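Data from model.tsv: TSV, N, CA and C atoms and all ligand atoms
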chain	number	residue	atom	x	y	z
A	1	MET	N	100.98	94.18	84.62
A	1	MET	CA	99.60	94.32	84.15
A	1	MET	C	99.10	92.99	83.59
A	2	LYS	N	97.79	92.74	83.72
A	2	LYS	CA	97.24	91.46	83.28
A	2	LYS	C	97.17	91.39	81.76
A	3	ASN	N	97.63	90.24	81.22
A	3	ASN	CA	97.53	90.02	79.79
A	3	ASN	C	96.25	89.23	79.53
A	4	PRO	N	95.25	89.81	78.80
A	4	PRO	CA	93.96	89.11	78.61
A	4	PRO	C	94.10	87.77	77.89
A	5	LYS	N	95.22	87.56	77.17
A	5	LYS	CA	95.41	86.29	76.44
A	5	LYS	C	95.86	85.16	77.37
A	6	ASP	N	96.37	85.54	78.56
A	6	ASP	CA	96.85	84.51	79.50
A	6	ASP	C	95.69	83.68	80.04
A	7	GLY	N	95.88	82.36	80.11
A	7	GLY	CA	94.90	81.50	80.77
A	7	GLY	C	95.04	81.63	82.28
A	8	PHE	N	94.23	80.84	83.01
A	8	PHE	CA	94.25	80.94	84.48
A	8	PHE	C	95.63	80.61	85.06
A	9	ILE	N	96.18	79.44	84.65
A	9	ILE	CA	97.46	78.99	85.22
A	9	ILE	C	98.58	79.97	84.86
A	10	LYS	N	98.62	80.35	83.57
A	10	LYS	CA	99.68	81.25	83.11
A	10	LYS	C	99.58	82.60	83.84
A	11	GLY	N	98.34	83.06	84.02
A	11	GLY	CA	98.12	84.34	84.72
A	11	GLY	C	98.59	84.27	86.16
A	12	ARG	N	98.26	83.13	86.84
A	12	ARG	CA	98.68	82.97	88.25
A	12	ARG	C	100.20	82.91	88.35
A	13	LEU	N	100.85	82.16	87.42
A	13	LEU	CA	102.31	82.03	87.46
A	13	LEU	C	102.98	83.39	87.24
A	14	ARG	N	102.39	84.20	86.33
A	14	ARG	CA	102.90	85.55	86.09
A	14	ARG	C	102.82	86.38	87.36
A	15	SER	N	101.67	86.30	88.06
A	15	SER	CA	101.49	87.08	89.29
A	15	SER	C	102.50	86.66	90.35
A	16	ILE	N	102.75	85.32	90.45
A	16	ILE	CA	103.72	84.85	91.46
A	16	ILE	C	105.11	85.39	91.12
A	17	ARG	N	105.42	85.42	89.81
A	17	ARG	CA	106.74	85.94	89.42
A	17	ARG	C	106.88	87.40	89.82
A	18	PHE	N	105.84	88.22	89.58
A	18	PHE	CA	105.89	89.64	89.97
A	18	PHE	C	106.01	89.78	91.49
A	19	ALA	N	105.26	88.93	92.21
A	19	ALA	CA	105.26	89.02	93.68
A	19	ALA	C	106.64	88.66	94.23
A	20	LEU	N	107.27	87.62	93.64
A	20	LEU	CA	108.62	87.25	94.09
A	20	LEU	C	109.61	88.36	93.78
A	21	ARG	N	109.42	89.01	92.63
A	21	ARG	CA	110.29	90.14	92.29
A	21	ARG	C	110.11	91.27	93.31
A	22	GLY	N	108.84	91.47	93.75
A	22	GLY	CA	108.56	92.49	94.76
A	22	GLY	C	109.28	92.19	96.06
A	23	MET	N	109.26	90.92	96.49
A	23	MET	CA	109.97	90.53	97.72
A	23	MET	C	111.46	90.82	97.57
A	24	PHE	N	112.01	90.45	96.40
A	24	PHE	CA	113.44	90.66	96.15
A	24	PHE	C	113.77	92.15	96.18
A	25	LEU	N	112.91	92.98	95.54
A	25	LEU	CA	113.15	94.42	95.51
A	25	LEU	C	113.12	95.02	96.91
A	26	LEU	N	112.15	94.57	97.73
A	26	LEU	CA	112.07	95.07	99.11
A	26	LEU	C	113.36	94.74	99.87
A	27	MET	N	113.82	93.49	99.73
A	27	MET	CA	115.02	93.07	100.47
A	27	MET	C	116.27	93.78	99.96
A	28	LYS	N	116.29	94.10	98.66
A	28	LYS	CA	117.50	94.69	98.06
A	28	LYS	C	117.55	96.20	98.27
A	29	THR	N	116.38	96.87	98.24
A	29	THR	CA	116.42	98.34	98.19
A	29	THR	C	115.97	99.04	99.47
A	30	GLU	N	115.22	98.36	100.35
A	30	GLU	CA	114.63	99.07	101.49
A	30	GLU	C	115.36	98.81	102.80
A	31	ASP	N	115.95	99.87	103.35
A	31	ASP	CA	116.70	99.73	104.61
A	31	ASP	C	115.81	99.21	105.74
A	32	SER	N	114.55	99.69	105.78
A	32	SER	CA	113.66	99.26	106.87
A	32	SER	C	113.43	97.74	106.83
A	33	ILE	N	113.33	97.19	105.62
A	33	ILE	CA	113.14	95.73	105.48
A	33	ILE	C	114.42	94.99	105.85
A	34	LYS	N	115.58	95.58	105.45
A	34	LYS	CA	116.87	94.95	105.81
A	34	LYS	C	117.00	94.88	107.32
A	35	VAL	N	116.62	95.96	108.01
A	35	VAL	CA	116.71	95.98	109.48
A	35	VAL	C	115.81	94.89	110.06
A	36	GLN	N	114.57	94.80	109.54
A	36	GLN	CA	113.62	93.80	110.07
A	36	GLN	C	114.12	92.37	109.81
A	37	LEU	N	114.75	92.17	108.65
A	37	LEU	CA	115.28	90.83	108.35
A	37	LEU	C	116.45	90.50	109.27
A	38	PHE	N	117.26	91.52	109.60
A	38	PHE	CA	118.37	91.32	110.53
A	38	PHE	C	117.83	90.94	111.91
A	39	VAL	N	116.79	91.69	112.36
A	39	VAL	CA	116.19	91.39	113.66
A	39	VAL	C	115.58	89.98	113.65
A	40	ALA	N	114.92	89.64	112.53
A	40	ALA	CA	114.32	88.30	112.40
A	40	ALA	C	115.39	87.22	112.51
A	41	THR	N	116.57	87.47	111.91
A	41	THR	CA	117.67	86.51	112.00
A	41	THR	C	118.14	86.36	113.44
A	42	LEU	N	118.25	87.51	114.15
A	42	LEU	CA	118.69	87.47	115.55
A	42	LEU	C	117.72	86.67	116.42
A	43	VAL	N	116.39	86.96	116.26
A	43	VAL	CA	115.43	86.25	117.13
A	43	VAL	C	115.33	84.77	116.76
A	44	THR	N	115.59	84.45	115.48
A	44	THR	CA	115.62	83.04	115.09
A	44	THR	C	116.79	82.34	115.80
A	45	GLY	N	117.93	83.04	115.84
A	45	GLY	CA	119.07	82.51	116.58
A	45	GLY	C	118.73	82.34	118.05
A	46	ALA	N	118.04	83.34	118.63
A	46	ALA	CA	117.64	83.26	120.04
A	46	ALA	C	116.70	82.08	120.26
A	47	GLY	N	115.83	81.84	119.29
A	47	GLY	CA	114.90	80.71	119.38
A	47	GLY	C	115.63	79.38	119.51
A	48	PHE	N	116.70	79.23	118.69
A	48	PHE	CA	117.49	77.99	118.77
A	48	PHE	C	118.28	77.94	120.08
A	49	TYR	N	118.85	79.11	120.48
A	49	TYR	CA	119.67	79.14	121.68
A	49	TYR	C	118.85	78.76	122.92
A	50	PHE	N	117.63	79.34	123.02
A	50	PHE	CA	116.79	79.09	124.20
A	50	PHE	C	115.89	77.85	124.04
A	51	GLU	N	116.01	77.19	122.87
A	51	GLU	CA	115.21	75.98	122.58
A	51	GLU	C	113.74	76.21	122.88
A	52	ILE	N	113.17	77.22	122.22
A	52	ILE	CA	111.76	77.55	122.45
A	52	ILE	C	110.86	76.43	121.91
A	53	SER	N	109.64	76.38	122.44
A	53	SER	CA	108.72	75.27	122.09
A	53	SER	C	108.13	75.49	120.69
A	54	ALA	N	107.43	74.47	120.19
A	54	ALA	CA	106.80	74.56	118.86
A	54	ALA	C	105.78	75.70	118.82
A	55	VAL	N	105.01	75.85	119.90
A	55	VAL	CA	104.00	76.92	119.93
A	55	VAL	C	104.70	78.29	119.93
A	56	GLU	N	105.79	78.38	120.70
A	56	GLU	CA	106.54	79.65	120.72
A	56	GLU	C	107.14	79.97	119.34
A	57	TRP	N	107.64	78.92	118.66
A	57	TRP	CA	108.13	79.13	117.28
A	57	TRP	C	107.03	79.66	116.39
A	58	MET	N	105.82	79.09	116.53
A	58	MET	CA	104.70	79.52	115.68
A	58	MET	C	104.39	80.99	115.92
A	59	PHE	N	104.30	81.39	117.21
A	59	PHE	CA	104.03	82.80	117.52
A	59	PHE	C	105.15	83.68	116.96
A	60	GLN	N	106.37	83.24	117.15
A	60	GLN	CA	107.52	84.05	116.70
A	60	GLN	C	107.48	84.24	115.18
A	61	ILE	N	107.21	83.14	114.45
A	61	ILE	CA	107.18	83.24	112.99
A	61	ILE	C	106.03	84.13	112.53
A	62	VAL	N	104.87	84.01	113.22
A	62	VAL	CA	103.72	84.84	112.83
A	62	VAL	C	104.03	86.33	113.05
A	63	VAL	N	104.65	86.68	114.19
A	63	VAL	CA	104.91	88.11	114.41
A	63	VAL	C	106.04	88.63	113.50
A	64	ILE	N	107.00	87.77	113.17
A	64	ILE	CA	108.03	88.19	112.19
A	64	ILE	C	107.33	88.51	110.86
A	65	GLY	N	106.42	87.62	110.45
A	65	GLY	CA	105.65	87.85	109.22
A	65	GLY	C	104.81	89.11	109.30
A	66	LEU	N	104.17	89.30	110.46
A	66	LEU	CA	103.32	90.48	110.65
A	66	LEU	C	104.13	91.77	110.47
A	67	VAL	N	105.31	91.80	111.09
A	67	VAL	CA	106.16	93.00	111.00
A	67	VAL	C	106.64	93.22	109.57
A	68	LEU	N	107.06	92.14	108.89
A	68	LEU	CA	107.55	92.28	107.51
A	68	LEU	C	106.44	92.75	106.58
A	69	VAL	N	105.23	92.19	106.77
A	69	VAL	CA	104.10	92.58	105.91
A	69	VAL	C	103.73	94.04	106.17
A	70	ALA	N	103.64	94.43	107.45
A	70	ALA	CA	103.26	95.82	107.78
A	70	ALA	C	104.31	96.80	107.25
A	71	GLU	N	105.58	96.44	107.43
A	71	GLU	CA	106.67	97.33	106.97
A	71	GLU	C	106.67	97.42	105.45
A	72	SER	N	106.40	96.31	104.77
A	72	SER	CA	106.37	96.32	103.30
A	72	SER	C	105.21	97.18	102.79
A	73	LEU	N	104.03	97.03	103.40
A	73	LEU	CA	102.88	97.83	102.96
A	73	LEU	C	103.10	99.31	103.26
A	74	ASN	N	103.73	99.59	104.41
A	74	ASN	CA	104.07	100.97	104.75
A	74	ASN	C	104.99	101.57	103.67
A	75	THR	N	105.97	100.77	103.25
A	75	THR	CA	106.89	101.22	102.19
A	75	THR	C	106.13	101.50	100.90
A	76	ALA	N	105.20	100.59	100.55
A	76	ALA	CA	104.43	100.77	99.32
A	76	ALA	C	103.60	102.06	99.38
A	77	ILE	N	103.00	102.32	100.56
A	77	ILE	CA	102.17	103.53	100.71
A	77	ILE	C	103.05	104.79	100.61
A	78	GLU	N	104.25	104.72	101.20
A	78	GLU	CA	105.18	105.86	101.08
A	78	GLU	C	105.54	106.12	99.62
A	79	LYS	N	105.79	105.03	98.87
A	79	LYS	CA	106.17	105.17	97.45
A	79	LYS	C	105.02	105.77	96.65
A	80	VAL	N	103.79	105.28	96.88
A	80	VAL	CA	102.64	105.82	96.15
A	80	VAL	C	102.47	107.29	96.50
A	81	SER	N	102.59	107.61	97.80
A	81	SER	CA	102.41	109.00	98.24
A	81	SER	C	103.41	109.91	97.54
A	82	ASP	N	104.70	109.48	97.53
A	82	ASP	CA	105.74	110.30	96.90
A	82	ASP	C	105.51	110.44	95.40
A	83	PHE	N	104.90	109.38	94.80
A	83	PHE	CA	104.66	109.42	93.35
A	83	PHE	C	103.49	110.35	93.01
A	84	VAL	N	102.39	110.25	93.76
A	84	VAL	CA	101.22	111.08	93.41
A	84	VAL	C	101.41	112.52	93.86
A	85	HIS	N	102.22	112.74	94.93
A	85	HIS	CA	102.42	114.11	95.41
A	85	HIS	C	103.82	114.27	95.99
A	86	PRO	N	104.81	114.55	95.11
A	86	PRO	CA	106.21	114.62	95.58
A	86	PRO	C	106.46	115.81	96.51
A	87	ASP	N	105.62	116.86	96.41
A	87	ASP	CA	105.85	118.05	97.26
A	87	ASP	C	105.17	117.88	98.61
A	88	TYR	N	105.50	118.82	99.50
A	88	TYR	CA	104.91	118.78	100.85
A	88	TYR	C	103.39	118.98	100.77
A	89	HIS	N	102.65	118.14	101.49
A	89	HIS	CA	101.20	118.34	101.63
A	89	HIS	C	100.78	117.76	102.96
A	90	LYS	N	99.93	118.52	103.67
A	90	LYS	CA	99.49	118.07	105.00
A	90	LYS	C	98.86	116.68	104.95
A	91	LYS	N	98.05	116.44	103.90
A	91	LYS	CA	97.35	115.14	103.82
A	91	LYS	C	98.34	113.99	103.56
A	92	ILE	N	99.39	114.27	102.76
A	92	ILE	CA	100.41	113.23	102.52
A	92	ILE	C	101.11	112.91	103.84
A	93	GLY	N	101.39	113.95	104.61
A	93	GLY	CA	102.00	113.75	105.92
A	93	GLY	C	101.12	112.88	106.81
A	94	PHE	N	99.81	113.16	106.80
A	94	PHE	CA	98.87	112.37	107.60
A	94	PHE	C	98.84	110.91	107.14
A	95	ILE	N	98.76	110.73	105.80
A	95	ILE	CA	98.71	109.36	105.23
A	95	ILE	C	99.98	108.59	105.62
A	96	LYS	N	101.14	109.24	105.49
A	96	LYS	CA	102.41	108.56	105.83
A	96	LYS	C	102.48	108.27	107.32
A	97	ASP	N	101.98	109.20	108.13
A	97	ASP	CA	102.03	108.99	109.59
A	97	ASP	C	101.18	107.79	110.00
A	98	ILE	N	99.96	107.69	109.46
A	98	ILE	CA	99.11	106.57	109.89
A	98	ILE	C	99.62	105.25	109.32
A	99	SER	N	100.23	105.33	108.14
A	99	SER	CA	100.83	104.11	107.57
A	99	SER	C	101.99	103.63	108.45
A	100	ALA	N	102.81	104.59	108.91
A	100	ALA	CA	103.90	104.24	109.83
A	100	ALA	C	103.32	103.75	111.16
A	101	GLY	N	102.17	104.31	111.54
A	101	GLY	CA	101.50	103.87	112.77
A	101	GLY	C	101.11	102.40	112.68
A	102	ALA	N	100.65	101.98	111.50
A	102	ALA	CA	100.27	100.57	111.31
A	102	ALA	C	101.49	99.67	111.52
A	103	ALA	N	102.63	100.09	110.95
A	103	ALA	CA	103.86	99.29	111.13
A	103	ALA	C	104.27	99.28	112.60
A	104	SER	N	104.02	100.40	113.30
A	104	SER	CA	104.38	100.46	114.72
A	104	SER	C	103.50	99.53	115.56
A	105	PHE	N	102.21	99.42	115.20
A	105	PHE	CA	101.33	98.46	115.91
A	105	PHE	C	101.95	97.07	115.84
A	106	ALA	N	102.38	96.68	114.62
A	106	ALA	CA	102.98	95.36	114.44
A	106	ALA	C	104.24	95.21	115.28
A	107	ALA	N	105.05	96.29	115.31
A	107	ALA	CA	106.30	96.23	116.07
A	107	ALA	C	106.02	96.07	117.57
A	108	VAL	N	105.03	96.83	118.08
A	108	VAL	CA	104.70	96.75	119.51
A	108	VAL	C	104.20	95.35	119.86
A	109	ILE	N	103.32	94.80	119.00
A	109	ILE	CA	102.79	93.45	119.25
A	109	ILE	C	103.94	92.43	119.25
A	110	SER	N	104.88	92.61	118.32
A	110	SER	CA	106.00	91.65	118.26
A	110	SER	C	106.86	91.76	119.52
A	111	LEU	N	107.03	92.97	120.06
A	111	LEU	CA	107.81	93.12	121.29
A	111	LEU	C	107.11	92.44	122.47
A	112	ILE	N	105.77	92.57	122.50
A	112	ILE	CA	105.02	91.92	123.59
A	112	ILE	C	105.19	90.40	123.51
A	113	VAL	N	105.04	89.86	122.29
A	113	VAL	CA	105.19	88.40	122.11
A	113	VAL	C	106.61	87.97	122.49
A	114	ALA	N	107.61	88.77	122.05
A	114	ALA	CA	109.01	88.43	122.39
A	114	ALA	C	109.20	88.45	123.91
A	115	GLY	N	108.55	89.41	124.58
A	115	GLY	CA	108.64	89.49	126.04
A	115	GLY	C	108.09	88.22	126.69
A	116	PHE	N	106.91	87.77	126.22
A	116	PHE	CA	106.30	86.55	126.78
A	116	PHE	C	107.21	85.33	126.57
A	117	ILE	N	107.86	85.26	125.40
A	117	ILE	CA	108.68	84.08	125.10
A	117	ILE	C	110.01	84.14	125.86
A	118	TYR	N	110.68	85.30	125.80
A	118	TYR	CA	112.08	85.32	126.25
A	118	TYR	C	112.31	85.82	127.67
A	119	LEU	N	111.44	86.73	128.19
A	119	LEU	CA	111.74	87.26	129.53
A	119	LEU	C	111.85	86.16	130.59
A	120	PRO	N	110.90	85.19	130.62
A	120	PRO	CA	111.05	84.13	131.64
A	120	PRO	C	112.35	83.33	131.46
A	121	LYS	N	112.75	83.12	130.19
A	121	LYS	CA	113.97	82.34	129.93
A	121	LYS	C	115.21	83.14	130.31
A	122	ILE	N	115.18	84.45	130.03
A	122	ILE	CA	116.33	85.30	130.40
A	122	ILE	C	116.42	85.40	131.92
A	123	ALA	N	115.24	85.50	132.59
A	123	ALA	CA	115.22	85.61	134.05
A	123	ALA	C	115.88	84.39	134.70
A	124	LEU	N	115.71	83.22	134.05
A	124	LEU	CA	116.30	81.99	134.61
A	124	LEU	C	117.84	81.98	134.55
A	125	LEU	N	118.38	82.84	133.68
A	125	LEU	CA	119.85	82.88	133.54
A	125	LEU	C	120.51	83.57	134.74
A	126	PHE	N	119.69	84.37	135.50
A	126	PHE	CA	120.28	85.14	136.62
A	126	PHE	C	119.94	84.55	137.98
A	201	LIG	N1	105.24	115.04	101.08
A	201	LIG	C1	105.09	115.16	102.40
A	201	LIG	N2	104.21	116.04	102.90
A	201	LIG	C2	104.05	116.17	104.23
A	201	LIG	N3	104.73	115.46	105.17
A	201	LIG	C3	105.61	114.53	104.72
A	201	LIG	C4	105.86	114.34	103.33
A	201	LIG	N4	106.79	113.39	103.19
A	201	LIG	C5	107.09	112.98	104.43
A	201	LIG	N5	106.40	113.67	105.37
A	201	LIG	C6	106.48	113.50	106.83
A	201	LIG	O1	107.72	112.90	107.15
A	201	LIG	C7	107.53	111.62	107.75
A	201	LIG	C8	108.58	110.66	107.25
A	201	LIG	O2	108.34	110.45	105.87
A	201	LIG	P1	109.27	109.54	104.98
A	201	LIG	O3	108.69	109.39	103.64
A	201	LIG	O4	110.68	110.08	105.03
A	201	LIG	O5	109.14	108.18	105.77
A	201	LIG	P2	110.23	107.37	106.59
A	201	LIG	O6	109.46	106.55	107.55
A	201	LIG	O7	111.30	108.27	107.11
A	201	LIG	O8	110.77	106.53	105.38
A	201	LIG	P3	111.73	105.28	105.37
A	201	LIG	O9	110.82	104.09	105.53
A	201	LIG	O10	112.34	105.38	104.01
A	201	LIG	O11	112.69	105.47	106.51
A	201	LIG	C9	106.09	111.22	107.39
A	201	LIG	O12	105.53	110.31	108.34
A	201	LIG	C10	105.39	112.56	107.36
A	201	LIG	O13	105.07	112.99	108.69

Would you mind giving the structure from this file in structure tokens?
Ligand SMILES: Nc1ncnc2c1ncn2[C@@H]1O[C@H](COP(=O)(O)OP(=O)(O)OP(=O)(O)O)[C@@H](O)[C@H]1O
Amino acid sequence: MKNPKDGFIKGRLRSIRFALRGMFLLMKTEDSIKVQLFVATLVTGAGFYFEISAVEWMFQIVVIGLVLVAESLNTAIEKVSDFVHPDYHKKIGFIKDISAGAASFAAVISLIVAGFIYLPKIALLF
């Protein structure tokens, strides 16, 4: 929570500290984020192995970020949903489904980008 006595710089530094703690919590506690980080590590390895271009690296890093951000926000929405309504409710189900849908959009886009980068390179191996 914001401390009204904090100046601009102190307030910003406090926010960065909370945000870094949030990143750490996601990586430590959420299986979905651990899986995405594992996949990100694998494709980073693939990037070095296939010596992808600078533009391909940029696309790859952007879609890795997109997936991590979408998955993190999906997790946050699930947590809020469970907090405000721990019992079964049709609307909570709908909210969680569309939130998961957002993460799926990111995943599908990342697969398409991975296909553009790696399929031609994999095809050359055969
Ligand atoms: N309280 C609820 N009321 C109605 N439907 C729910 C509720 N909780 C979960 N669901 C349904 O179950 C699905 C999975 O919800 P859950 O919270 O387990 O997400 P998850 O994607 O399995 O979580 P995780 O990211 O931890 O793997 C939701 O998309 C929704 O359809």

Considering only N, CA and C atoms and all ligand atoms, give me a table of residues in chain A that are at most 7 Å from ligand LIG 201 (chain A), with the closest atom pair and distance in Å for each, as a Markdown table.
| residue | atom | partner | partner_atom | distance |
| --- | --- | --- | --- | --- |
| A:Asp31 | N | A:LIG201 | O10 | 6.6 |
| A:Ser32 | CA | A:LIG201 | O9 | 5.8 |
| A:Asn74 | C | A:LIG201 | O9 | 6.6 |
| A:Thr75 | CA | A:LIG201 | O9 | 5.9 |
| A:Glu78 | CA | A:LIG201 | O3 | 5.6 |
| A:Ser81 | C | A:LIG201 | N1 | 6.5 |
| A:Asp82 | CA | A:LIG201 | N1 | 6.3 |
| A:His85 | C | A:LIG201 | N1 | 5.3 |
| A:Pro86 | C | A:LIG201 | N1 | 4.8 |
| A:Asp87 | C | A:LIG201 | N1 | 3.8 |
| A:Tyr88 | CA | A:LIG201 | N2 | 3.5 |
| A:His89 | N | A:LIG201 | N2 | 3.0 |
| A:Lys90 | N | A:LIG201 | C2 | 4.8 |
| A:Lys91 | N | A:LIG201 | C2 | 6.0 |
| A:Ile92 | C | A:LIG201 | C2 | 4.4 |
| A:Gly93 | CA | A:LIG201 | N3 | 3.3 |
| A:Phe94 | N | A:LIG201 | O13 | 5.6 |
| A:Ile95 | C | A:LIG201 | O12 | 6.4 |
| A:Lys96 | C | A:LIG201 | O12 | 3.8 |
| A:Asp97 | N | A:LIG201 | O12 | 3.7 |
| A:Ile98 | N | A:LIG201 | O12 | 6.3 |
| A:Ala100 | N | A:LIG201 | O12 | 6.4 |

Which residue of A:Ala40, A:Phe48, A:Ala114, A:Ala19 approaches Val67 (chain A) most closely, using only C-alpha atoms: A:Ala40

Which residue of A:Leu111, A:Met23, A:Gly11, A:Lys121 approaches Leu37 (chain A) most closely, using only C-alpha atoms: A:Met23

Two-atom distance - CA of Leu66 (chain A), atom N of Ile109 (chain A) (Å):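 One can read the CA of Leu66 (chain A) to atom N of Ile109 (chain A) distance as 9.4 Å.
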
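The gap separating atom C of Leu20 (chain A) from CA of Ala107 (chain A) is 23.9 Å, in Å to one decimal.
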
Atomic separation - CA of Ser72 (chain A) relative to atom N of Phe24 (chain A), Å: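 For atom N of Phe24 (chain A) relative to CA of Ser72 (chain A), the distance reads 10.7 Å.
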
Within-9 Å shell of (105.9, 93.5, 115.3) in input frame, only C-alpha atoms, as number ranges by chain: A: 63-68, 70, 103-113

Among the residues A:Leu125, A:Ile117, A:Val35, A:Leu13, the one that comes closest to Glu56 (chain A) [using only N, CA and C atoms]: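 Closest residue, counting only N, CA and C atoms: A:Ile117.
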